[in-house]
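Colleague: So here's protein.pdb, just PDB, C-alpha atoms:
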ATOM      1  CA  MET T 532       0.012 -32.595 -11.220
ATOM      2  CA  THR T 533       3.294 -31.727  -9.490
ATOM      3  CA  VAL T 534       3.461 -30.932  -5.778
ATOM      4  CA  ALA T 535       4.623 -27.390  -5.004
ATOM      5  CA  VAL T 536       4.826 -27.405  -1.198
ATOM      6  CA  THR T 537       4.784 -30.214   1.349
ATOM      7  CA  LEU T 538       4.731 -29.844   5.117
ATOM      8  CA  GLU T 539       5.505 -33.000   7.076
ATOM      9  CA  ALA T 540       4.562 -32.869  10.778
ATOM     10  CA  VAL T 541       5.785 -29.268  10.986
ATOM     11  CA  SER T 542       5.750 -27.578  14.394
ATOM     12  CA  CYS T 543       7.000 -24.227  15.621
ATOM     13  CA  VAL T 544       7.442 -23.377  19.294
ATOM     14  CA  PHE T 545       8.282 -19.869  20.508
ATOM     15  CA  THR T 546       9.525 -19.048  23.994
ATOM     16  CA  SER T 547       7.819 -16.075  25.640
ATOM     17  CA  GLY T 548       8.474 -15.068  29.247
ATOM     18  CA  GLY T 549      10.008 -18.432  29.949
ATOM     19  CA  LEU T 550       6.935 -20.240  28.604
ATOM     20  CA  ALA T 551       6.849 -22.372  25.461
ATOM     21  CA  VAL T 552       4.112 -21.295  23.046
ATOM     22  CA  LYS T 553       3.256 -23.728  20.247
ATOM     23  CA  ALA T 554       2.406 -21.508  17.269
ATOM     24  CA  VAL T 555       2.123 -24.404  14.799
ATOM     25  CA  ASP T 556       1.324 -27.921  15.956
ATOM     26  CA  ARG T 557       2.359 -30.884  13.754
ATOM     27  CA  VAL T 558       0.869 -29.619  10.506
ATOM     28  CA  ASP T 559       0.753 -31.913   7.474
ATOM     29  CA  LEU T 560      -0.127 -30.213   4.202
ATOM     30  CA  THR T 561       0.307 -30.714   0.457
ATOM     31  CA  ILE T 562      -0.162 -27.835  -1.993
ATOM     32  CA  GLU T 563      -0.338 -28.726  -5.671
ATOM     33  CA  GLY T 564       1.563 -26.914  -8.400
ATOM     34  CA  GLY T 565      -0.461 -24.104  -9.967
ATOM     35  CA  GLU T 566      -2.946 -24.072  -7.105
ATOM     36  CA  PHE T 567      -4.398 -20.998  -5.431
ATOM     37  CA  PHE T 568      -4.293 -22.192  -1.830
ATOM     38  CA  THR T 569      -5.461 -20.097   1.119
ATOM     39  CA  LEU T 570      -4.640 -20.474   4.795
ATOM     40  CA  LEU T 571      -7.594 -19.001   6.658
ATOM     41  CA  GLY T 572      -7.873 -18.350  10.372
ATOM     42  CA  PRO T 573      -8.151 -15.725  13.091
ATOM     43  CA  SER T 574      -5.214 -13.727  14.423
ATOM     44  CA  GLY T 575      -2.844 -15.935  16.398
ATOM     45  CA  SER T 576      -4.051 -19.162  14.802
ATOM     46  CA  GLY T 577      -0.663 -20.017  13.268
ATOM     47  CA  LYS T 578      -1.315 -19.327   9.585
ATOM     48  CA  THR T 579       1.262 -16.526   9.202
ATOM     49  CA  THR T 580       3.898 -18.497  11.125
ATOM     50  CA  CYS T 581       3.274 -21.344   8.704
ATOM     51  CA  LEU T 582       3.819 -19.030   5.728
ATOM     52  CA  ARG T 583       6.966 -17.573   7.270
ATOM     53  CA  MET T 584       8.385 -21.073   7.758
ATOM     54  CA  ILE T 585       7.735 -21.879   4.092
ATOM     55  CA  GLY T 586       9.458 -18.610   3.145
ATOM     56  CA  GLY T 587      12.434 -19.346   5.401
ATOM     57  CA  PHE T 588      11.917 -16.366   7.724
ATOM     58  CA  VAL T 589      11.203 -18.699  10.663
ATOM     59  CA  LEU T 590      12.700 -22.163  11.147
ATOM     60  CA  PRO T 591      10.466 -25.008  12.307
ATOM     61  CA  THR T 592      11.080 -26.660  15.644
ATOM     62  CA  ALA T 593      10.216 -30.045  14.149
ATOM     63  CA  GLY T 594       9.206 -31.534  10.819
ATOM     64  CA  ARG T 595      10.228 -30.981   7.200
ATOM     65  CA  ILE T 596       9.345 -28.418   4.512
ATOM     66  CA  LEU T 597       9.705 -29.452   0.879
ATOM     67  CA  ILE T 598       9.336 -27.095  -2.094
ATOM     68  CA  GLY T 599       9.214 -28.678  -5.519
ATOM     69  CA  GLY T 600      10.090 -31.985  -3.868
ATOM     70  CA  GLU T 601      13.363 -30.691  -2.379
ATOM     71  CA  ASP T 602      13.979 -30.355   1.349
ATOM     72  CA  MET T 603      14.194 -26.636   2.169
ATOM     73  CA  THR T 604      13.658 -26.920   5.926
ATOM     74  CA  LEU T 605      16.850 -25.171   7.015
ATOM     75  CA  LEU T 606      17.631 -23.037   3.957
ATOM     76  CA  PRO T 607      17.555 -19.207   4.207
ATOM     77  CA  PRO T 608      14.930 -17.216   2.275
ATOM     78  CA  TYR T 609      17.241 -16.249  -0.594
ATOM     79  CA  ALA T 610      17.982 -19.930  -1.301
ATOM     80  CA  ARG T 611      14.303 -20.863  -1.751
ATOM     81  CA  PRO T 612      12.343 -20.592  -5.033
ATOM     82  CA  VAL T 613       9.677 -18.421  -3.398
ATOM     83  CA  ASN T 614       8.901 -14.719  -3.082
ATOM     84  CA  THR T 615       6.669 -12.948  -0.574
ATOM     85  CA  VAL T 616       4.194 -10.071  -0.825
ATOM     86  CA  PHE T 617       3.660  -8.505   2.604
ATOM     87  CA  GLN T 618       0.676  -6.506   3.814
ATOM     88  CA  ASP T 619       2.685  -3.257   4.002
ATOM     89  CA  TYR T 620       4.189  -3.877   0.504
ATOM     90  CA  ALA T 621       7.678  -2.801   1.769
ATOM     91  CA  LEU T 622       8.490  -0.691  -1.305
ATOM     92  CA  PHE T 623      11.641   1.427  -1.301
ATOM     93  CA  PRO T 624      10.483   5.081  -1.142
ATOM     94  CA  HIS T 625      13.744   6.455  -2.605
ATOM     95  CA  MET T 626      13.507   4.294  -5.745
ATOM     96  CA  ASN T 627      11.192   4.803  -8.675
ATOM     97  CA  ILE T 628       8.642   2.112  -9.496
ATOM     98  CA  ARG T 629      10.710   0.490 -12.259
ATOM     99  CA  ASP T 630      13.721   0.088  -9.968
ATOM    100  CA  ASN T 631      11.504  -1.231  -7.171
ATOM    101  CA  VAL T 632      10.163  -3.928  -9.465
ATOM    102  CA  ALA T 633      13.622  -4.741 -10.830
ATOM    103  CA  TYR T 634      15.334  -4.845  -7.424
ATOM    104  CA  GLY T 635      15.511  -8.657  -7.256
ATOM    105  CA  LEU T 636      17.130  -8.783 -10.691
ATOM    106  CA  MET T 637      19.666  -6.159  -9.634
ATOM    107  CA  VAL T 638      20.634  -8.315  -6.637
ATOM    108  CA  GLN T 639      21.145 -11.216  -9.046
ATOM    109  CA  GLY T 640      23.491  -9.104 -11.172
ATOM    110  CA  VAL T 641      21.207  -8.781 -14.199
ATOM    111  CA  GLY T 642      22.231  -5.881 -16.475
ATOM    112  CA  LYS T 643      20.337  -2.601 -16.279
ATOM    113  CA  ALA T 644      18.825  -2.752 -19.761
ATOM    114  CA  GLU T 645      17.567  -6.306 -19.278
ATOM    115  CA  ARG T 646      16.140  -5.743 -15.812
ATOM    116  CA  HIS T 647      14.370  -2.541 -16.874
ATOM    117  CA  HIS T 648      12.896  -4.361 -19.878
ATOM    118  CA  ARG T 649      11.606  -7.166 -17.670
ATOM    119  CA  ALA T 650      10.335  -4.669 -15.090
ATOM    120  CA  ASP T 651       8.315  -2.866 -17.765
ATOM    121  CA  GLU T 652       6.890  -6.223 -18.884
ATOM    122  CA  MET T 653       5.799  -6.977 -15.334
ATOM    123  CA  LEU T 654       4.264  -3.531 -14.903
ATOM    124  CA  GLU T 655       2.273  -4.106 -18.081
ATOM    125  CA  LEU T 656       1.165  -7.493 -16.746
ATOM    126  CA  VAL T 657      -0.265  -5.871 -13.599
ATOM    127  CA  ARG T 658      -1.809  -3.033 -15.647
ATOM    128  CA  LEU T 659       0.592  -0.288 -14.559
ATOM    129  CA  SER T 660       2.220   0.638 -17.841
ATOM    130  CA  GLY T 661       3.661   4.144 -17.843
ATOM    131  CA  VAL T 662       4.264   4.577 -14.099
ATOM    132  CA  GLY T 663       7.859   3.327 -14.028
ATOM    133  CA  GLU T 664       9.340   6.761 -13.326
ATOM    134  CA  ARG T 665       7.042   7.574 -10.417
ATOM    135  CA  ARG T 666       7.834   7.049  -6.740
ATOM    136  CA  PRO T 667       5.720   4.811  -4.441
ATOM    137  CA  GLY T 668       4.320   7.860  -2.633
ATOM    138  CA  GLN T 669       2.747   9.036  -5.877
ATOM    139  CA  LEU T 670       0.620   5.906  -6.264
ATOM    140  CA  SER T 671      -2.644   4.801  -4.681
ATOM    141  CA  GLY T 672      -2.834   1.865  -2.296
ATOM    142  CA  GLY T 673      -4.117  -0.435  -5.013
ATOM    143  CA  GLN T 674      -1.345   0.616  -7.380
ATOM    144  CA  ARG T 675       1.325   0.031  -4.709
ATOM    145  CA  GLN T 676      -0.138  -3.412  -4.157
ATOM    146  CA  ARG T 677       0.281  -4.171  -7.863
ATOM    147  CA  VAL T 678       3.881  -2.922  -7.751
ATOM    148  CA  ALA T 679       4.611  -5.269  -4.850
ATOM    149  CA  LEU T 680       3.107  -8.124  -6.875
ATOM    150  CA  ALA T 681       5.207  -7.255  -9.931
ATOM    151  CA  ARG T 682       8.381  -7.121  -7.823
ATOM    152  CA  ALA T 683       7.617 -10.518  -6.275
ATOM    153  CA  LEU T 684       6.820 -12.125  -9.634
ATOM    154  CA  ILE T 685       9.732 -10.789 -11.690
ATOM    155  CA  ASN T 686      12.073 -13.538 -10.456
ATOM    156  CA  ARG T 687       9.520 -16.144 -11.592
ATOM    157  CA  PRO T 688       9.253 -17.974  -8.270
ATOM    158  CA  GLN T 689       7.835 -21.478  -8.023
ATOM    159  CA  VAL T 690       5.593 -20.294  -5.186
ATOM    160  CA  LEU T 691       4.306 -16.812  -4.373
ATOM    161  CA  LEU T 692       3.527 -16.222  -0.702
ATOM    162  CA  LEU T 693       0.957 -13.496   0.007
ATOM    163  CA  ASP T 694       0.666 -12.409   3.641
ATOM    164  CA  GLU T 695      -2.707 -10.614   3.881
ATOM    165  CA  PRO T 696      -1.747  -8.294   0.993
ATOM    166  CA  LEU T 697      -5.246  -6.794   0.654
ATOM    167  CA  GLY T 698      -5.782  -5.959   4.312
ATOM    168  CA  ALA T 699      -4.957  -2.257   3.975
ATOM    169  CA  LEU T 700      -7.340  -1.632   1.058
ATOM    170  CA  ASP T 701     -10.896  -0.353   1.271
ATOM    171  CA  LEU T 702     -13.753  -2.761   0.534
ATOM    172  CA  LYS T 703     -14.362  -1.876  -3.131
ATOM    173  CA  LEU T 704     -10.696  -1.914  -4.040
ATOM    174  CA  ARG T 705     -10.163  -5.134  -2.096
ATOM    175  CA  GLU T 706     -12.942  -6.844  -4.049
ATOM    176  CA  GLN T 707     -11.455  -5.582  -7.333
ATOM    177  CA  MET T 708      -7.999  -6.850  -6.380
ATOM    178  CA  GLN T 709      -9.414 -10.252  -5.433
ATOM    179  CA  THR T 710     -10.658 -10.662  -9.003
ATOM    180  CA  GLU T 711      -7.390  -9.396 -10.482
ATOM    181  CA  LEU T 712      -5.222 -11.608  -8.273
ATOM    182  CA  LYS T 713      -7.151 -14.707  -9.226
ATOM    183  CA  ALA T 714      -6.967 -13.838 -12.944
ATOM    184  CA  LEU T 715      -3.217 -13.135 -12.690
ATOM    185  CA  GLN T 716      -2.589 -16.443 -10.935
ATOM    186  CA  ARG T 717      -4.505 -18.297 -13.645
ATOM    187  CA  GLN T 718      -2.578 -16.474 -16.380
ATOM    188  CA  LEU T 719       0.855 -17.207 -14.893
ATOM    189  CA  GLY T 720       0.164 -20.704 -13.547
ATOM    190  CA  ILE T 721       2.271 -20.006 -10.464
ATOM    191  CA  THR T 722       1.350 -21.547  -7.121
ATOM    192  CA  PHE T 723      -0.122 -18.889  -4.826
ATOM    193  CA  LEU T 724      -0.208 -19.380  -1.064
ATOM    194  CA  PHE T 725      -2.509 -16.701   0.298
ATOM    195  CA  ILE T 726      -2.929 -15.812   3.984
ATOM    196  CA  THR T 727      -6.086 -14.115   5.243
ATOM    197  CA  HIS T 728      -8.510 -13.907   8.145
ATOM    198  CA  ASP T 729     -11.265 -12.788   5.747
ATOM    199  CA  GLN T 730     -13.582 -15.692   4.940
ATOM    200  CA  HIS T 731     -15.031 -13.913   1.876
ATOM    201  CA  GLU T 732     -11.562 -13.521   0.339
ATOM    202  CA  ALA T 733     -10.836 -17.177   0.969
ATOM    203  CA  LEU T 734     -14.135 -18.436  -0.446
ATOM    204  CA  SER T 735     -14.073 -16.246  -3.574
ATOM    205  CA  MET T 736     -10.443 -16.744  -4.626
ATOM    206  CA  SER T 737      -9.237 -20.184  -3.586
ATOM    207  CA  ASP T 738      -8.984 -23.565  -5.242
ATOM    208  CA  ARG T 739      -8.636 -25.012  -1.743
ATOM    209  CA  ILE T 740      -8.682 -23.614   1.785
ATOM    210  CA  GLY T 741      -6.898 -24.752   4.938
ATOM    211  CA  VAL T 742      -8.629 -23.519   8.104
ATOM    212  CA  PHE T 743      -6.238 -22.855  11.003
ATOM    213  CA  ASN T 744      -7.147 -22.799  14.682
ATOM    214  CA  ASN T 745      -4.800 -22.872  17.680
ATOM    215  CA  GLY T 746      -1.841 -23.892  15.539
ATOM    216  CA  ARG T 747      -3.643 -26.791  13.897
ATOM    217  CA  LEU T 748      -5.244 -27.351  10.518
ATOM    218  CA  GLU T 749      -8.854 -28.185  11.331
ATOM    219  CA  GLN T 750      -9.917 -28.781   7.735
ATOM    220  CA  VAL T 751      -8.558 -28.643   4.188
ATOM    221  CA  GLY T 752     -10.894 -28.657   1.210
ATOM    222  CA  THR T 753     -12.519 -26.743  -1.605
ATOM    223  CA  PRO T 754     -14.425 -23.574  -0.664
ATOM    224  CA  GLN T 755     -17.690 -25.420  -1.259
ATOM    225  CA  ALA T 756     -16.694 -28.348   0.953
ATOM    226  CA  VAL T 757     -15.420 -26.162   3.787
ATOM    227  CA  TYR T 758     -18.559 -24.025   3.732
ATOM    228  CA  ASN T 759     -21.188 -26.712   3.230
ATOM    229  CA  THR T 760     -19.630 -29.604   5.140
ATOM    230  CA  PRO T 761     -17.391 -28.221   7.921
ATOM    231  CA  PHE T 762     -15.750 -30.820  10.131
ATOM    232  CA  THR T 763     -15.896 -28.974  13.434
ATOM    233  CA  ARG T 764     -17.867 -26.317  15.254
ATOM    234  CA  PHE T 765     -14.964 -23.878  14.854
ATOM    235  CA  VAL T 766     -14.949 -24.220  11.051
ATOM    236  CA  ALA T 767     -18.745 -23.900  10.917
ATOM    237  CA  ASP T 768     -18.681 -20.708  13.002
ATOM    238  CA  PHE T 769     -15.624 -19.122  11.388
ATOM    239  CA  VAL T 770     -16.432 -19.752   7.721
ATOM    240  CA  GLY T 771     -19.703 -17.933   7.158
ATOM    241  CA  SER T 772     -22.624 -17.544   9.543
ATOM    242  CA  ALA T 773     -24.010 -20.660  11.146
ATOM    243  CA  ASN T 774     -26.615 -21.819  13.601
ATOM    244  CA  VAL T 775     -24.894 -24.525  15.635
ATOM    245  CA  PHE T 776     -26.985 -26.708  17.931
ATOM    246  CA  ASP T 777     -25.583 -29.116  20.519
ATOM    247  CA  GLY T 778     -26.948 -31.768  22.814
ATOM    248  CA  GLU T 779     -30.664 -32.439  23.035
ATOM    249  CA  ARG T 780     -31.580 -29.744  20.495
ATOM    250  CA  ALA T 781     -29.171 -31.234  17.938
ATOM    251  CA  ARG T 782     -30.537 -34.731  18.554
ATOM    252  CA  GLN T 783     -34.051 -33.368  18.143
ATOM    253  CA  ILE T 784     -33.148 -31.850  14.775
ATOM    254  CA  ALA T 785     -31.013 -34.586  13.242
ATOM    255  CA  GLY T 786     -30.173 -37.274  15.762
ATOM    256  CA  ALA T 787     -26.579 -36.068  16.172
ATOM    257  CA  ASP T 788     -24.666 -34.521  19.084
ATOM    258  CA  SER T 789     -23.781 -31.337  17.192
ATOM    259  CA  VAL T 790     -25.274 -29.958  13.972
ATOM    260  CA  MET T 791     -25.005 -26.872  11.773
ATOM    261  CA  LEU T 792     -27.792 -25.091   9.910
ATOM    262  CA  ARG T 793     -26.855 -22.151   7.689
ATOM    263  CA  PRO T 794     -29.195 -19.108   8.022
ATOM    264  CA  GLU T 795     -29.839 -18.953   4.269
ATOM    265  CA  ARG T 796     -31.205 -22.513   4.295
ATOM    266  CA  ILE T 797     -34.124 -21.520   6.571
ATOM    267  CA  ARG T 798     -37.434 -20.177   5.272
ATOM    268  CA  LEU T 799     -40.369 -18.475   6.956
ATOM    269  CA  GLY T 800     -43.739 -20.055   6.225
ATOM    270  CA  ALA T 801     -47.085 -21.276   7.470
ATOM    271  CA  PRO T 802     -47.530 -23.031  10.827
ATOM    272  CA  GLN T 803     -48.314 -26.297   9.051
ATOM    273  CA  GLY T 804     -45.205 -28.385   8.594
ATOM    274  CA  ALA T 805     -42.949 -25.935  10.421
ATOM    275  CA  ARG T 806     -39.904 -27.460  12.104
ATOM    276  CA  ALA T 807     -39.774 -24.686  14.712
ATOM    277  CA  SER T 808     -41.628 -21.537  15.755
ATOM    278  CA  GLY T 809     -40.689 -18.543  17.860
ATOM    279  CA  ALA T 810     -40.859 -14.823  18.424
ATOM    280  CA  VAL T 811     -38.720 -12.417  16.388
ATOM    281  CA  LEU T 812     -35.936 -10.876  18.473
ATOM    282  CA  ASP T 813     -34.751  -8.374  15.859
ATOM    283  CA  ALA T 814     -34.404  -7.878  12.097
ATOM    284  CA  GLN T 815     -31.621  -6.224  10.091
ATOM    285  CA  TYR T 816     -31.520  -5.152   6.453
ATOM    286  CA  PHE T 817     -28.175  -5.606   4.643
ATOM    287  CA  GLY T 818     -29.203  -4.824   1.076
ATOM    288  CA  SER T 819     -28.652  -8.190  -0.609
ATOM    289  CA  PHE T 820     -30.255 -10.028   2.306
ATOM    290  CA  SER T 821     -32.112  -9.434   5.541
ATOM    291  CA  ARG T 822     -31.271 -11.253   8.772
ATOM    292  CA  VAL T 823     -33.963 -12.112  11.287
ATOM    293  CA  ARG T 824     -33.145 -13.568  14.705
ATOM    294  CA  VAL T 825     -35.815 -15.785  16.194
ATOM    295  CA  ASP T 826     -36.134 -17.035  19.770
ATOM    296  CA  TRP T 827     -36.727 -20.792  19.507
ATOM    297  CA  ALA T 828     -37.507 -21.865  23.084
ATOM    298  CA  GLY T 829     -34.513 -19.999  24.481
ATOM    299  CA  THR T 830     -32.186 -20.537  21.495
ATOM    300  CA  SER T 831     -31.476 -17.667  19.087
ATOM    301  CA  VAL T 832     -31.770 -18.772  15.457
ATOM    302  CA  ALA T 833     -30.518 -16.591  12.579
ATOM    303  CA  VAL T 834     -32.548 -16.631   9.355
ATOM    304  CA  ASP T 835     -31.315 -14.937   6.160
ATOM    305  CA  LEU T 836     -34.065 -13.843   3.790
ATOM    306  CA  ASN T 837     -34.201 -12.446   0.270
ATOM    307  CA  PRO T 838     -35.604  -8.909   0.693
ATOM    308  CA  GLN T 839     -37.130  -9.113  -2.799
ATOM    309  CA  LEU T 840     -39.279 -12.044  -1.711
ATOM    310  CA  LEU T 841     -40.128 -10.554   1.665
ATOM    311  CA  PRO T 842     -40.127  -6.750   1.281
ATOM    312  CA  GLU T 843     -41.511  -6.132   4.775
ATOM    313  CA  LEU T 844     -39.471  -7.539   7.651
ATOM    314  CA  PRO T 845     -41.329  -9.119  10.566
ATOM    315  CA  CYS T 846     -41.531  -6.984  13.694
ATOM    316  CA  ALA T 847     -39.878  -7.769  17.023
ATOM    317  CA  GLY T 848     -42.188  -9.982  19.072
ATOM    318  CA  GLN T 849     -44.019 -11.344  16.032
ATOM    319  CA  THR T 850     -44.369 -15.131  15.937
ATOM    320  CA  VAL T 851     -42.852 -16.754  12.853
ATOM    321  CA  HIS T 852     -42.558 -20.362  11.691
ATOM    322  CA  LEU T 853     -39.288 -21.843  10.471
ATOM    323  CA  HIS T 854     -38.954 -24.373   7.651
ATOM    324  CA  TRP T 855     -35.890 -26.127   6.250
ATOM    325  CA  ASP T 856     -35.132 -29.176   4.155
ATOM    326  CA  ALA T 857     -33.613 -32.221   5.822
ATOM    327  CA  ASP T 858     -30.409 -31.955   3.765
ATOM    328  CA  ALA T 859     -29.829 -28.412   5.068
ATOM    329  CA  VAL T 860     -28.716 -29.839   8.413
ATOM    330  CA  HIS T 861     -25.079 -30.951   8.622
ATOM    331  CA  ALA T 862     -23.729 -33.054  11.484
ATOM    332  CA  LEU T 863     -20.406 -31.860  12.951
ATOM    333  CA  ARG T 864     -17.658 -34.229  14.007
ATOM    334  CA  GLY T 865     -16.691 -32.254  17.080
ATOM    335  CA  VAL T 866     -18.131 -29.619  19.384
ATOM    336  CA  ALA T 867     -14.924 -28.135  20.767
ATOM    337  CA  ALA T 868     -12.304 -25.736  19.357
TER     338      ALA T 868
END
Would you write out, as structure tokens, the structure that this file holds?
Modeller:
Amino acid sequence: MTVAVTLEAVSCVFTSGGLAVKAVDRVDLTIEGGEFFTLLGPSGSGKTTCLRMIGGFVLPTAGRILIGGEDMTLLPPYARPVNTVFQDYALFPHMNIRDNVAYGLMVQGVGKAERHHRADEMLELVRLSGVGERRPGQLSGGQRQRVALARALINRPQVLLLDEPLGALDLKLREQMQTELKALQRQLGITFLFITHDQHEALSMSDRIGVFNNGRLEQVGTPQAVYNTPFTRFVADFVGSANVFDGERARQIAGADSVMLRPERIRLGAPQGARASGAVLDAQYFGSFSRVRVDWAGTSVAVDLNPQLLPELPCAGQTVHLHWDADAVHALRGVAA
């Protein structure tokens, strides 16, 4: 498999108020050709700066950026084989949809007939046939998102950069677009680099995920690996819900200094054989699951239950007994971050 993007010890330092702020700190990363790769992290973690450096909108302070094996570190955006879809879509309100999609071809000097033909092909690809004459203001948010995708894809970039493109959509539409984006990426075979702070987007769409924190990549792996075997406490807490135990409690559970136990891996059962017991602090119903918080000798433990198997939630103050399998406990490499 070919390599689409390589970052070699890439750093980016901004100066703010006379102080140097390291937005990205010596990041090494390889993204394979045809991969749907997601950079996941909270606001200010460095993921968007990383994307902007790959796109050429920000230059790195140190390190190299290679796209398709060629050094692009200092090249401007228009000289790189990438296109970007931004969160606000950035469509031209005075142009109709067909001309918005064909704008990149117009800049390249492609004739009107050819660029309109290719624009209509792209609109059909994103399931927007017949809207070419409309203006952006006449479309829904989901439709505008598809137009932005079509415009970014019409130049057939090697890599498509997506900077939180679903953030402005409501939940149902966002979930629909997640499915459509993944299917489109598979159909085209183009490398997608997707930026999000939404763990569910990252887990459901990605071939691999890179988790950012404080300008550093804390872990890179498949969604399953990042969720089930996080390296650090930060990754365990940020990707999904986790019970993290440190110190004596962790050593009591698994003989390690820091361990993670996912709430869905815990069961309520009889006192016999229970690994822990405690009083219920509160219980919440979320439809597909119910979450019960239990006070285990001063430590709050979250337990996720199938409401079909336990139709009546335990009451606050009720004593419950916690069970889990030994392989449900995962030792963490670090406690900090």
Colleague: Report as a list in words the residues that result from applying the PyMOL selection byres ((chain T and resi 575) around 10) to the structure here.
Modeller: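 Evaluating the PyMOL selection byres ((chain T and resi 575) around 10) on these coordinates yields Ala554, Val555, Gly572, Pro573, Ser574, Ser576, Gly577, Lys578, Thr579, Thr580, Phe743, Asn744, Asn745 and Gly746 of chain T.
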Colleague: With a distance cut-off of 6 Å and only C-alpha atoms, select the neighbouring residues of Val811 of chain T, excluding the residue or stretch itself and same-chain residues fewer than 3 positions from it, and output the selection as a PyMOL selection string.
Modeller: chain T and resi 824-825+847-849
Colleague: For the structure provided, state which residues fall under the PyMOL selection byres ((chain T and resi 541) around 9), and present them as a list in words.
Modeller: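 Applied to this file, the PyMOL selection byres ((chain T and resi 541) around 9) returns Leu538, Glu539, Ala540, Ser542, Cys543, Val555, Asp556, Arg557, Val558, Asp559, Cys581, Pro591, Thr592, Ala593, Gly594, Arg595 and Ile596 of chain T.
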Colleague: With distances taken over only C-alpha atoms, which of T:Asp651, T:Asp738, T:Asp729, T:Asp777 is nearest to Gln755 of chain T?
Modeller: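 Nearest to Gln755 of chain T: T:Asp738.
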Colleague: For a cutoff of 10 Å around the file-coordinate point (-18.3, -25.2, 5.7), which residues qualify once you count all atoms listed in the file? I'd like the result as a list in words.
Modeller: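 Those residues, ordered by chain and then number, are Gln750, Gly752, Thr753, Pro754, Gln755, Ala756, Val757, Tyr758, Asn759, Thr760, Pro761, Phe762, Thr763, Arg764, Phe765, Val766, Ala767, Asp768, Phe769, Val770, Gly771, Ser772, Ala773, Met791, Arg793 and His861 of chain T.
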Colleague: Would you write out those residues with C-alpha atoms, as a tab-separated table (two decimals), in the coordinates of the input?
Modeller:
chain	number	residue	atom	x	y	z
T	750	GLN	CA	-9.92	-28.78	7.74
T	752	GLY	CA	-10.89	-28.66	1.21
T	753	THR	CA	-12.52	-26.74	-1.60
T	754	PRO	CA	-14.42	-23.57	-0.66
T	755	GLN	CA	-17.69	-25.42	-1.26
T	756	ALA	CA	-16.69	-28.35	0.95
T	757	VAL	CA	-15.42	-26.16	3.79
T	758	TYR	CA	-18.56	-24.02	3.73
T	759	ASN	CA	-21.19	-26.71	3.23
T	760	THR	CA	-19.63	-29.60	5.14
T	761	PRO	CA	-17.39	-28.22	7.92
T	762	PHE	CA	-15.75	-30.82	10.13
T	763	THR	CA	-15.90	-28.97	13.43
T	764	ARG	CA	-17.87	-26.32	15.25
T	765	PHE	CA	-14.96	-23.88	14.85
T	766	VAL	CA	-14.95	-24.22	11.05
T	767	ALA	CA	-18.74	-23.90	10.92
T	768	ASP	CA	-18.68	-20.71	13.00
T	769	PHE	CA	-15.62	-19.12	11.39
T	770	VAL	CA	-16.43	-19.75	7.72
T	771	GLY	CA	-19.70	-17.93	7.16
T	772	SER	CA	-22.62	-17.54	9.54
T	773	ALA	CA	-24.01	-20.66	11.15
T	791	MET	CA	-25.00	-26.87	11.77
T	793	ARG	CA	-26.86	-22.15	7.69
T	861	HIS	CA	-25.08	-30.95	8.62
Colleague: Could you check the closest approach to Pro608 of chain T for each of T:Arg583, T:Val823, T:Arg747, T:Gly778 and tell me which residue wins, using all atoms listed in the file?
Modeller: T:Arg583
Colleague: Which residues fall under the PyMOL selection byres ((chain T and resi 674) around 12) in this file, as a ChimeraX atom specification?
Modeller: /T:620,622,628,654,657-660,662-663,665-673,675-681,697,700,704-705,707-708
Colleague: Write out, as a compact mmCIF listing (two decimals), keeping the file's coordinate frame, the residues just selected, with C-alpha atoms.
Modeller:
# COMPACT_ATOMS: atom_id res chain seq x y z
CA TYR T 620 4.19 -3.88 0.50
CA LEU T 622 8.49 -0.69 -1.30
CA ILE T 628 8.64 2.11 -9.50
CA LEU T 654 4.26 -3.53 -14.90
CA VAL T 657 -0.26 -5.87 -13.60
CA ARG T 658 -1.81 -3.03 -15.65
CA LEU T 659 0.59 -0.29 -14.56
CA SER T 660 2.22 0.64 -17.84
CA VAL T 662 4.26 4.58 -14.10
CA GLY T 663 7.86 3.33 -14.03
CA ARG T 665 7.04 7.57 -10.42
CA ARG T 666 7.83 7.05 -6.74
CA PRO T 667 5.72 4.81 -4.44
CA GLY T 668 4.32 7.86 -2.63
CA GLN T 669 2.75 9.04 -5.88
CA LEU T 670 0.62 5.91 -6.26
CA SER T 671 -2.64 4.80 -4.68
CA GLY T 672 -2.83 1.86 -2.30
CA GLY T 673 -4.12 -0.44 -5.01
CA ARG T 675 1.32 0.03 -4.71
CA GLN T 676 -0.14 -3.41 -4.16
CA ARG T 677 0.28 -4.17 -7.86
CA VAL T 678 3.88 -2.92 -7.75
CA ALA T 679 4.61 -5.27 -4.85
CA LEU T 680 3.11 -8.12 -6.88
CA ALA T 681 5.21 -7.26 -9.93
CA LEU T 697 -5.25 -6.79 0.65
CA LEU T 700 -7.34 -1.63 1.06
CA LEU T 704 -10.70 -1.91 -4.04
CA ARG T 705 -10.16 -5.13 -2.10
CA GLN T 707 -11.46 -5.58 -7.33
CA MET T 708 -8.00 -6.85 -6.38
Colleague: Kindly extract all protein, DNA and RNA residues lying within 10 Å of the coordinates (11.6, -16.3, -5.7) given in the file, considering only C-alpha atoms, and supply them as a list in words.
Modeller: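 Neighbouring residues, ordered by chain and number, come to Gly586, Pro608, Tyr609, Ala610, Arg611, Pro612, Val613, Asn614, Thr615, Gly635, Arg682, Ala683, Leu684, Ile685, Asn686, Arg687, Pro688, Gln689, Val690, Leu691 and Leu692 of chain T.
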Colleague: Residues near Gln716 of chain T, anyone? I mean within 9 Å using all atoms listed in the file, not counting same-chain ones fewer than 5 positions away, as a PyMOL selection string.
Modeller: chain T and resi 565-567+711+721-723
Colleague: Would you pick out the contacts of Thr710 of chain T at 8 Å or less, using only C-alpha atoms, so that residues sharing its chain but fewer than 4 positions from it are not included, and give the list as a list in words?
Modeller: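 Close residues of Thr710 of chain T: Glu706, Ala714 and Met736 of chain T.
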